[in-house]
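**Student:** So that you have it, the file is input_25.cif, and it contains mmCIF, N, CA and C atoms:
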data_structure
#
loop_
_atom_site.label_atom_id
_atom_site.label_comp_id
_atom_site.auth_asym_id
_atom_site.auth_seq_id
_atom_site.Cartn_x
_atom_site.Cartn_y
_atom_site.Cartn_z
N MET A 1 -3.05 -240.89 161.50
CA MET A 1 -2.77 -242.24 161.92
C MET A 1 -3.93 -242.70 162.77
N ARG A 2 -4.31 -243.95 162.58
CA ARG A 2 -5.38 -244.54 163.37
C ARG A 2 -4.88 -245.85 163.98
N ILE A 3 -5.18 -246.00 165.26
CA ILE A 3 -4.78 -247.23 165.95
C ILE A 3 -5.96 -247.74 166.74
N LEU A 4 -6.27 -249.00 166.54
CA LEU A 4 -7.29 -249.66 167.34
C LEU A 4 -6.55 -250.54 168.34
N ILE A 5 -6.70 -250.20 169.62
CA ILE A 5 -6.02 -250.91 170.70
C ILE A 5 -7.01 -251.89 171.31
N GLN A 6 -6.60 -253.13 171.44
CA GLN A 6 -7.38 -254.11 172.17
C GLN A 6 -6.51 -254.65 173.29
N ARG A 7 -6.99 -254.53 174.52
CA ARG A 7 -6.27 -255.09 175.66
C ARG A 7 -6.48 -256.60 175.60
N VAL A 8 -5.37 -257.34 175.61
CA VAL A 8 -5.47 -258.79 175.42
C VAL A 8 -4.77 -259.56 176.53
N LYS A 9 -5.25 -260.78 176.73
CA LYS A 9 -4.54 -261.74 177.59
C LYS A 9 -3.43 -262.40 176.79
N ASN A 10 -3.68 -262.59 175.48
CA ASN A 10 -2.68 -263.09 174.56
C ASN A 10 -3.15 -262.85 173.14
N SER A 11 -2.21 -262.85 172.21
CA SER A 11 -2.53 -262.63 170.81
C SER A 11 -1.39 -263.19 169.96
N LYS A 12 -1.73 -263.60 168.74
CA LYS A 12 -0.68 -264.05 167.82
C LYS A 12 -1.08 -263.81 166.38
N VAL A 13 -0.07 -263.75 165.53
CA VAL A 13 -0.24 -263.57 164.10
C VAL A 13 0.36 -264.77 163.39
N CYS A 14 -0.38 -265.29 162.42
CA CYS A 14 0.12 -266.38 161.56
C CYS A 14 0.10 -265.91 160.12
N VAL A 15 1.11 -266.28 159.38
CA VAL A 15 1.18 -266.02 157.95
C VAL A 15 1.50 -267.35 157.28
N GLY A 16 0.66 -267.76 156.33
CA GLY A 16 0.88 -269.03 155.65
C GLY A 16 0.85 -270.22 156.58
N GLY A 17 0.04 -270.13 157.64
CA GLY A 17 -0.09 -271.24 158.57
C GLY A 17 0.99 -271.30 159.64
N LYS A 18 1.95 -270.38 159.60
CA LYS A 18 3.03 -270.37 160.60
C LYS A 18 2.92 -269.15 161.49
N ALA A 19 3.07 -269.36 162.81
CA ALA A 19 3.06 -268.24 163.75
C ALA A 19 4.31 -267.39 163.50
N THR A 20 4.10 -266.09 163.32
CA THR A 20 5.22 -265.18 163.08
C THR A 20 5.48 -264.25 164.27
N ALA A 21 4.47 -264.09 165.13
CA ALA A 21 4.63 -263.24 166.32
C ALA A 21 3.55 -263.59 167.32
N SER A 22 3.89 -263.47 168.59
CA SER A 22 2.88 -263.70 169.63
C SER A 22 3.27 -262.94 170.89
N ILE A 23 2.24 -262.60 171.67
CA ILE A 23 2.45 -261.92 172.94
C ILE A 23 1.54 -262.53 173.99
N GLN A 24 1.87 -262.23 175.23
CA GLN A 24 0.98 -262.53 176.34
C GLN A 24 0.28 -261.22 176.70
N LYS A 25 0.10 -260.92 177.94
CA LYS A 25 -0.63 -259.74 178.40
C LYS A 25 -0.12 -258.47 177.72
N GLY A 26 -1.05 -257.69 177.18
CA GLY A 26 -0.67 -256.43 176.56
C GLY A 26 -1.71 -255.90 175.62
N PHE A 27 -1.23 -255.31 174.52
CA PHE A 27 -2.09 -254.70 173.51
C PHE A 27 -1.92 -255.40 172.17
N LEU A 28 -3.02 -255.66 171.50
CA LEU A 28 -3.00 -255.88 170.06
C LEU A 28 -3.27 -254.50 169.48
N ALA A 29 -2.33 -253.97 168.71
CA ALA A 29 -2.45 -252.64 168.12
C ALA A 29 -2.59 -252.79 166.61
N LEU A 30 -3.78 -252.51 166.09
CA LEU A 30 -4.00 -252.48 164.65
C LEU A 30 -3.69 -251.06 164.21
N VAL A 31 -2.69 -250.90 163.34
CA VAL A 31 -2.13 -249.59 163.03
C VAL A 31 -2.36 -249.24 161.56
N GLY A 32 -3.10 -248.14 161.35
CA GLY A 32 -3.35 -247.65 160.00
C GLY A 32 -2.68 -246.31 159.79
N VAL A 33 -2.15 -246.10 158.60
CA VAL A 33 -1.49 -244.84 158.26
C VAL A 33 -2.27 -244.18 157.14
N GLY A 34 -2.61 -242.91 157.34
CA GLY A 34 -3.33 -242.14 156.33
C GLY A 34 -2.37 -241.36 155.45
N LYS A 35 -2.80 -241.07 154.24
CA LYS A 35 -1.90 -240.38 153.30
C LYS A 35 -1.56 -238.96 153.72
N GLU A 36 -2.33 -238.37 154.63
CA GLU A 36 -2.04 -237.01 155.09
C GLU A 36 -1.36 -236.98 156.45
N ASP A 37 -0.96 -238.13 156.96
CA ASP A 37 -0.28 -238.17 158.25
C ASP A 37 1.10 -237.53 158.17
N LYS A 38 1.53 -237.02 159.30
CA LYS A 38 2.82 -236.36 159.43
C LYS A 38 3.66 -237.09 160.48
N PRO A 39 4.99 -236.91 160.46
CA PRO A 39 5.85 -237.56 161.46
C PRO A 39 5.44 -237.29 162.90
N GLU A 40 4.92 -236.09 163.17
CA GLU A 40 4.51 -235.80 164.55
C GLU A 40 3.31 -236.64 164.99
N ASP A 41 2.53 -237.13 164.03
CA ASP A 41 1.41 -238.03 164.37
C ASP A 41 1.94 -239.34 164.94
N ILE A 42 3.04 -239.83 164.39
CA ILE A 42 3.65 -241.07 164.87
C ILE A 42 4.08 -240.88 166.32
N GLU A 43 4.78 -239.80 166.58
CA GLU A 43 5.30 -239.54 167.92
C GLU A 43 4.17 -239.39 168.94
N ARG A 44 3.13 -238.64 168.57
CA ARG A 44 2.02 -238.40 169.49
C ARG A 44 1.30 -239.72 169.84
N LEU A 45 1.05 -240.55 168.84
CA LEU A 45 0.34 -241.79 169.11
C LEU A 45 1.21 -242.83 169.81
N ALA A 46 2.50 -242.84 169.54
CA ALA A 46 3.38 -243.75 170.27
C ALA A 46 3.38 -243.39 171.75
N GLU A 47 3.46 -242.10 172.05
CA GLU A 47 3.39 -241.64 173.44
C GLU A 47 2.06 -242.03 174.07
N LYS A 48 0.98 -241.85 173.33
CA LYS A 48 -0.35 -242.19 173.85
C LYS A 48 -0.44 -243.67 174.16
N VAL A 49 0.04 -244.52 173.25
CA VAL A 49 -0.02 -245.96 173.47
C VAL A 49 0.80 -246.35 174.70
N MET A 50 1.98 -245.79 174.86
CA MET A 50 2.83 -246.14 176.00
C MET A 50 2.25 -245.68 177.33
N ASN A 51 1.47 -244.61 177.30
CA ASN A 51 0.97 -244.02 178.55
C ASN A 51 -0.52 -244.24 178.80
N LEU A 52 -1.18 -244.92 177.89
CA LEU A 52 -2.61 -245.20 178.03
C LEU A 52 -2.85 -246.07 179.25
N ARG A 53 -3.60 -245.55 180.21
CA ARG A 53 -3.81 -246.24 181.48
C ARG A 53 -5.10 -247.06 181.41
N ILE A 54 -4.98 -248.26 180.86
CA ILE A 54 -6.17 -249.10 180.73
C ILE A 54 -5.98 -250.50 181.33
N PHE A 55 -4.96 -250.63 182.17
CA PHE A 55 -4.80 -251.87 182.94
C PHE A 55 -5.21 -251.59 184.37
N GLU A 56 -5.79 -252.59 185.00
CA GLU A 56 -6.33 -252.40 186.34
C GLU A 56 -5.25 -252.42 187.43
N ASP A 57 -5.43 -251.53 188.42
CA ASP A 57 -4.56 -251.51 189.59
C ASP A 57 -5.13 -252.45 190.65
N GLU A 58 -4.59 -252.40 191.85
CA GLU A 58 -5.02 -253.31 192.93
C GLU A 58 -6.49 -253.11 193.30
N GLN A 59 -7.04 -251.92 193.06
CA GLN A 59 -8.44 -251.65 193.38
C GLN A 59 -9.39 -251.95 192.21
N GLY A 60 -8.84 -252.48 191.13
CA GLY A 60 -9.66 -252.79 189.97
C GLY A 60 -9.97 -251.60 189.08
N LYS A 61 -9.30 -250.48 189.32
CA LYS A 61 -9.50 -249.27 188.52
C LYS A 61 -8.49 -249.25 187.37
N MET A 62 -8.94 -248.89 186.16
CA MET A 62 -8.02 -248.77 185.04
C MET A 62 -7.11 -247.57 185.31
N ASN A 63 -5.88 -247.88 185.74
CA ASN A 63 -4.99 -246.82 186.21
C ASN A 63 -3.54 -247.07 185.83
N LEU A 64 -3.23 -248.21 185.21
CA LEU A 64 -1.84 -248.56 184.90
C LEU A 64 -1.62 -248.61 183.40
N ASN A 65 -0.40 -248.24 182.98
CA ASN A 65 -0.06 -248.29 181.56
C ASN A 65 0.68 -249.58 181.22
N ILE A 66 0.98 -249.76 179.96
CA ILE A 66 1.60 -250.99 179.45
C ILE A 66 2.96 -251.26 180.10
N LYS A 67 3.73 -250.20 180.34
CA LYS A 67 5.05 -250.39 180.95
C LYS A 67 4.93 -250.80 182.41
N GLN A 68 3.96 -250.24 183.11
CA GLN A 68 3.78 -250.56 184.52
C GLN A 68 3.38 -252.02 184.76
N VAL A 69 2.70 -252.62 183.78
CA VAL A 69 2.29 -254.02 183.94
C VAL A 69 3.24 -254.96 183.19
N LYS A 70 4.33 -254.40 182.65
CA LYS A 70 5.30 -255.17 181.87
C LYS A 70 4.61 -255.94 180.73
N GLY A 71 3.67 -255.24 180.09
CA GLY A 71 2.93 -255.82 178.97
C GLY A 71 3.70 -255.72 177.67
N GLN A 72 3.17 -256.39 176.67
CA GLN A 72 3.77 -256.40 175.34
C GLN A 72 2.79 -255.81 174.34
N VAL A 73 3.29 -255.43 173.19
CA VAL A 73 2.45 -254.93 172.10
C VAL A 73 2.67 -255.82 170.88
N LEU A 74 1.56 -256.29 170.32
CA LEU A 74 1.60 -256.95 169.01
C LEU A 74 1.07 -255.92 168.02
N SER A 75 1.95 -255.40 167.19
CA SER A 75 1.63 -254.34 166.25
C SER A 75 1.36 -254.94 164.87
N VAL A 76 0.15 -254.66 164.36
CA VAL A 76 -0.28 -255.24 163.09
C VAL A 76 -0.64 -254.10 162.13
N PRO A 77 0.01 -254.03 160.96
CA PRO A 77 -0.35 -253.00 159.99
C PRO A 77 -1.76 -253.26 159.45
N GLN A 78 -2.57 -252.19 159.36
CA GLN A 78 -3.99 -252.38 159.04
C GLN A 78 -4.51 -251.22 158.20
N PHE A 79 -4.26 -251.25 156.88
CA PHE A 79 -4.69 -250.14 156.03
C PHE A 79 -6.20 -250.01 155.98
N THR A 80 -6.94 -251.07 156.29
CA THR A 80 -8.40 -251.00 156.21
C THR A 80 -9.02 -250.11 157.28
N LEU A 81 -8.22 -249.63 158.24
CA LEU A 81 -8.75 -248.66 159.20
C LEU A 81 -9.12 -247.34 158.52
N TYR A 82 -8.64 -247.16 157.29
CA TYR A 82 -8.97 -245.97 156.52
C TYR A 82 -10.03 -246.24 155.45
N ALA A 83 -10.80 -247.29 155.62
CA ALA A 83 -11.87 -247.61 154.67
C ALA A 83 -12.89 -246.48 154.64
N ASP A 84 -13.28 -246.09 153.45
CA ASP A 84 -14.34 -245.10 153.26
C ASP A 84 -15.57 -245.84 152.75
N THR A 85 -16.61 -245.85 153.56
CA THR A 85 -17.83 -246.60 153.22
C THR A 85 -19.02 -245.67 153.01
N ARG A 86 -18.76 -244.40 152.77
CA ARG A 86 -19.86 -243.45 152.62
C ARG A 86 -20.69 -243.69 151.36
N LYS A 87 -20.07 -244.21 150.30
CA LYS A 87 -20.80 -244.45 149.06
C LYS A 87 -20.77 -245.94 148.74
N GLY A 88 -21.91 -246.50 148.46
CA GLY A 88 -21.98 -247.91 148.04
C GLY A 88 -21.64 -248.87 149.16
N ASN A 89 -21.40 -250.10 148.78
CA ASN A 89 -21.13 -251.16 149.74
C ASN A 89 -19.71 -251.68 149.69
N ARG A 90 -18.95 -251.23 148.73
CA ARG A 90 -17.55 -251.64 148.63
C ARG A 90 -16.68 -250.51 149.15
N PRO A 91 -15.87 -250.77 150.18
CA PRO A 91 -15.06 -249.69 150.75
C PRO A 91 -14.00 -249.19 149.78
N GLY A 92 -13.73 -247.90 149.88
CA GLY A 92 -12.63 -247.30 149.14
C GLY A 92 -11.48 -247.03 150.10
N PHE A 93 -10.26 -247.01 149.58
CA PHE A 93 -9.09 -246.84 150.44
C PHE A 93 -8.22 -245.67 150.00
N ASP A 94 -8.84 -244.67 149.38
CA ASP A 94 -8.11 -243.50 148.91
C ASP A 94 -7.45 -242.70 150.03
N LEU A 95 -7.96 -242.83 151.25
CA LEU A 95 -7.40 -242.09 152.38
C LEU A 95 -6.18 -242.76 152.99
N SER A 96 -5.95 -244.02 152.63
CA SER A 96 -4.79 -244.77 153.15
C SER A 96 -3.51 -244.28 152.50
N ALA A 97 -2.43 -244.34 153.25
CA ALA A 97 -1.12 -243.98 152.72
C ALA A 97 -0.67 -245.00 151.69
N ALA A 98 0.20 -244.58 150.78
CA ALA A 98 0.83 -245.51 149.83
C ALA A 98 1.66 -246.51 150.63
N PRO A 99 1.84 -247.72 150.10
CA PRO A 99 2.55 -248.76 150.86
C PRO A 99 3.92 -248.35 151.40
N ASP A 100 4.73 -247.65 150.63
CA ASP A 100 6.07 -247.25 151.11
C ASP A 100 5.97 -246.35 152.33
N MET A 101 5.10 -245.36 152.25
CA MET A 101 4.91 -244.45 153.38
C MET A 101 4.33 -245.20 154.58
N ALA A 102 3.33 -246.02 154.34
CA ALA A 102 2.68 -246.75 155.43
C ALA A 102 3.67 -247.64 156.17
N LYS A 103 4.50 -248.34 155.42
CA LYS A 103 5.47 -249.23 156.06
C LYS A 103 6.49 -248.44 156.87
N ASP A 104 6.96 -247.34 156.30
CA ASP A 104 7.93 -246.49 157.00
C ASP A 104 7.35 -245.95 158.30
N TYR A 105 6.13 -245.42 158.26
CA TYR A 105 5.50 -244.86 159.45
C TYR A 105 5.23 -245.95 160.49
N TRP A 106 4.76 -247.10 160.03
CA TRP A 106 4.49 -248.22 160.95
C TRP A 106 5.78 -248.66 161.66
N GLU A 107 6.86 -248.77 160.89
CA GLU A 107 8.14 -249.16 161.49
C GLU A 107 8.63 -248.10 162.48
N ARG A 108 8.48 -246.83 162.13
CA ARG A 108 8.88 -245.75 163.05
C ARG A 108 8.07 -245.82 164.34
N PHE A 109 6.76 -246.06 164.21
CA PHE A 109 5.90 -246.20 165.39
C PHE A 109 6.40 -247.33 166.28
N ASN A 110 6.67 -248.49 165.68
CA ASN A 110 7.16 -249.63 166.45
C ASN A 110 8.50 -249.31 167.14
N ASN A 111 9.40 -248.65 166.41
CA ASN A 111 10.71 -248.30 166.98
C ASN A 111 10.58 -247.34 168.16
N LEU A 112 9.64 -246.40 168.08
CA LEU A 112 9.43 -245.48 169.20
C LEU A 112 8.94 -246.22 170.44
N LEU A 113 8.09 -247.21 170.25
CA LEU A 113 7.64 -248.02 171.39
C LEU A 113 8.81 -248.77 172.01
N VAL A 114 9.65 -249.37 171.16
CA VAL A 114 10.81 -250.11 171.66
C VAL A 114 11.75 -249.17 172.41
N GLU A 115 12.03 -248.00 171.82
CA GLU A 115 12.89 -247.01 172.47
C GLU A 115 12.31 -246.56 173.81
N GLY A 116 10.97 -246.60 173.93
CA GLY A 116 10.31 -246.22 175.17
C GLY A 116 10.26 -247.34 176.20
N GLY A 117 10.84 -248.49 175.86
CA GLY A 117 10.91 -249.58 176.83
C GLY A 117 9.81 -250.62 176.72
N VAL A 118 9.09 -250.64 175.61
CA VAL A 118 8.00 -251.60 175.42
C VAL A 118 8.49 -252.75 174.54
N ASN A 119 8.15 -253.97 174.94
CA ASN A 119 8.44 -255.16 174.13
C ASN A 119 7.42 -255.21 173.00
N VAL A 120 7.89 -255.11 171.76
CA VAL A 120 7.02 -255.08 170.58
C VAL A 120 7.29 -256.29 169.70
N GLN A 121 6.21 -256.98 169.36
CA GLN A 121 6.24 -258.03 168.35
C GLN A 121 5.43 -257.49 167.17
N LYS A 122 5.77 -257.94 165.96
CA LYS A 122 5.14 -257.34 164.78
C LYS A 122 4.50 -258.37 163.88
N GLY A 123 3.39 -257.94 163.27
CA GLY A 123 2.81 -258.68 162.16
C GLY A 123 3.71 -258.50 160.95
N VAL A 124 3.23 -258.92 159.80
CA VAL A 124 4.03 -258.84 158.58
C VAL A 124 3.36 -257.87 157.62
N PHE A 125 4.09 -256.81 157.25
CA PHE A 125 3.53 -255.78 156.38
C PHE A 125 3.14 -256.39 155.03
N ALA A 126 1.96 -256.04 154.55
CA ALA A 126 1.42 -256.41 153.24
C ALA A 126 1.19 -257.92 153.08
N ALA A 127 1.15 -258.64 154.17
CA ALA A 127 0.87 -260.08 154.10
C ALA A 127 -0.59 -260.33 154.49
N HIS A 128 -1.11 -261.45 154.02
CA HIS A 128 -2.42 -261.90 154.51
C HIS A 128 -2.16 -262.59 155.84
N MET A 129 -2.70 -262.00 156.90
CA MET A 129 -2.42 -262.50 158.25
C MET A 129 -3.68 -263.06 158.88
N GLU A 130 -3.48 -264.06 159.71
CA GLU A 130 -4.53 -264.53 160.60
C GLU A 130 -4.14 -264.03 161.98
N VAL A 131 -5.04 -263.28 162.61
CA VAL A 131 -4.76 -262.69 163.91
C VAL A 131 -5.69 -263.32 164.94
N GLU A 132 -5.09 -263.89 165.97
CA GLU A 132 -5.86 -264.48 167.06
C GLU A 132 -5.67 -263.62 168.30
N LEU A 133 -6.72 -263.52 169.11
CA LEU A 133 -6.59 -262.79 170.36
C LEU A 133 -7.60 -263.28 171.37
N VAL A 134 -7.22 -263.13 172.62
CA VAL A 134 -8.16 -263.29 173.72
C VAL A 134 -8.27 -261.90 174.32
N ASN A 135 -9.40 -261.23 174.02
CA ASN A 135 -9.62 -259.88 174.48
C ASN A 135 -9.82 -259.89 175.99
N ASP A 136 -9.24 -258.94 176.68
CA ASP A 136 -9.30 -258.86 178.13
C ASP A 136 -10.22 -257.72 178.53
N GLY A 137 -11.41 -258.04 178.95
CA GLY A 137 -12.35 -257.02 179.40
C GLY A 137 -13.76 -257.22 178.85
N PRO A 138 -14.02 -257.03 177.62
CA PRO A 138 -13.13 -256.50 176.59
C PRO A 138 -12.88 -255.00 176.77
N VAL A 139 -11.67 -254.61 176.42
CA VAL A 139 -11.31 -253.20 176.41
C VAL A 139 -10.76 -252.91 175.02
N THR A 140 -11.44 -252.03 174.29
CA THR A 140 -11.05 -251.65 172.94
C THR A 140 -11.09 -250.13 172.86
N ILE A 141 -9.95 -249.54 172.46
CA ILE A 141 -9.82 -248.08 172.41
C ILE A 141 -9.40 -247.65 171.00
N TRP A 142 -10.07 -246.63 170.49
CA TRP A 142 -9.78 -246.07 169.16
C TRP A 142 -8.94 -244.82 169.34
N LEU A 143 -7.78 -244.78 168.69
CA LEU A 143 -6.93 -243.58 168.71
C LEU A 143 -6.82 -243.04 167.28
N ASP A 144 -6.95 -241.74 167.14
CA ASP A 144 -6.86 -241.11 165.83
C ASP A 144 -6.06 -239.83 165.99
N SER A 145 -5.01 -239.67 165.19
CA SER A 145 -4.14 -238.50 165.31
C SER A 145 -4.83 -237.20 164.90
N LYS A 146 -5.92 -237.31 164.20
CA LYS A 146 -6.62 -236.08 163.79
C LYS A 146 -7.66 -235.74 164.83
#
Go ahead and render the structure in this file as structure tokens.

**Tutor:**
Amino acid sequence: MRILIQRVKNSKVCVGGKATASIQKGFLALVGVGKEDKPEDIERLAEKVMNLRIFEDEQGKMNLNIKQVKGQVLSVPQFTLYADTRKGNRPGFDLSAAPDMAKDYWERFNNLLVEGGVNVQKGVFAAHMEVELVNDGPVTIWLDSK
């Protein structure tokens, strides 16, 4: 599983010109599922996202997690995080999970965040989405279960 976390002041997803989800302070989480991922990868990365200390404390040090700042997560499915660009100029996606598996793992990931006390808004699986964000910092963190 691969997740690209962007700390944001706000973010939203539109599908077909209509806003389908939006958040204020928190994370935009672009979530990719690989075909060799296991259920324990979901659990490990959900824990990492909930406990990642990348919000500033009173001294300006990145020391607080998403729950401590009462932040939100906008979770967007993103199979292109598994793009293979080693050969040629057109990416291959053989490493990405099949759609059924990817959707199931993405939903499980989102549910674990909710169970952990995080407010989660979601993009739309397999839709063409427009994603807007105001990056805060910028702070961008790459998480990979492998």

**Student:** Ranking A:Lys12, A:Arg44, A:Lys103, A:Lys122 by minimum distance to Val134 in chain A and counting all atoms listed in the file, which one comes first?

**Tutor:**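 The closest residue to Val134 in chain A is A:Lys12.
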
**Student:** Write out as a VMD selection string each polymer residue whose atoms come within 6 Å of Ala97 in chain A, counting all atoms listed in the file; drop sequence neighbours fewer than 2 positions from it.

**Tutor:** chain A and resid 33 to 35 95 99 101 to 102

**Student:** Using only C-alpha atoms and a cutoff of 8 Å, can you tell me which residues are near (-7.2, -266.2, 164.7) in the file's coordinates, and write them out as a list in words?

**Tutor:**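 Residues lying no farther than 8 Å from the given point: Lys12, Val13, Cys14, Glu130, Val131, Glu132 and Leu133 of chain A.
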
**Student:** May I ask which of the residues A:Gly88, A:Pro138, A:Asn119, A:Leu30 is the closest one to Val73 in chain A, counting all atoms listed in the file?

**Tutor:**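 Among A:Gly88, A:Pro138, A:Asn119, A:Leu30, it is A:Asn119 that comes nearest to Val73 in chain A.
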
**Student:** Counting only N, CA and C atoms, what is within 7 Å of Arg2 in chain A, bar same-chain residues fewer than 2 positions away, as a list in words?

**Tutor:**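 Those residues are Leu4, Leu30, Val31, Gly32, Val33, Gly34, Leu81, Trp142, Leu143, Asp144 and Ser145 of chain A.
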
**Student:** Apply DSSP to the structure's backbone, then extract all residues of chain A labelled strand (DSSP E or B) and return them as number ranges by chain.

**Tutor:** A: 2-15, 18-23, 26-32, 34, 55-56, 62-64, 72-77, 84, 92, 96, 119-122, 130-144

**Student:** Please report the interatomic distance between atom C of Ser75 in chain A and atom C of Lys25 in chain A in Å with one decimal.

**Tutor:** 13.4 Å

**Student:** What is the distance between CA of Val49 in chain A and atom C of Asp94 in chain A, in Å to one decimal?

**Tutor:**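 Atom C of Asp94 in chain A lies at a distance of 24.8 Å from CA of Val49 in chain A.
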
**Student:** Assuming the chain letters and numbering stay as they are in my file, what does the PyMOL selection byres ((chain A and resi 6) around 7) actually select? List them as a VMD selection string.

**Tutor:** chain A and resid 4 to 5 7 to 8 26 to 30 135 to 136 139 to 141

**Student:** Return the single residue from A:Leu64, A:Val15, A:Met1, A:Leu74 that is closest to Ile42 in chain A, with distances computed using only N, CA and C atoms.

**Tutor:**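 Residue with the minimum atom-to-atom distance to Ile42 in chain A: A:Met1.
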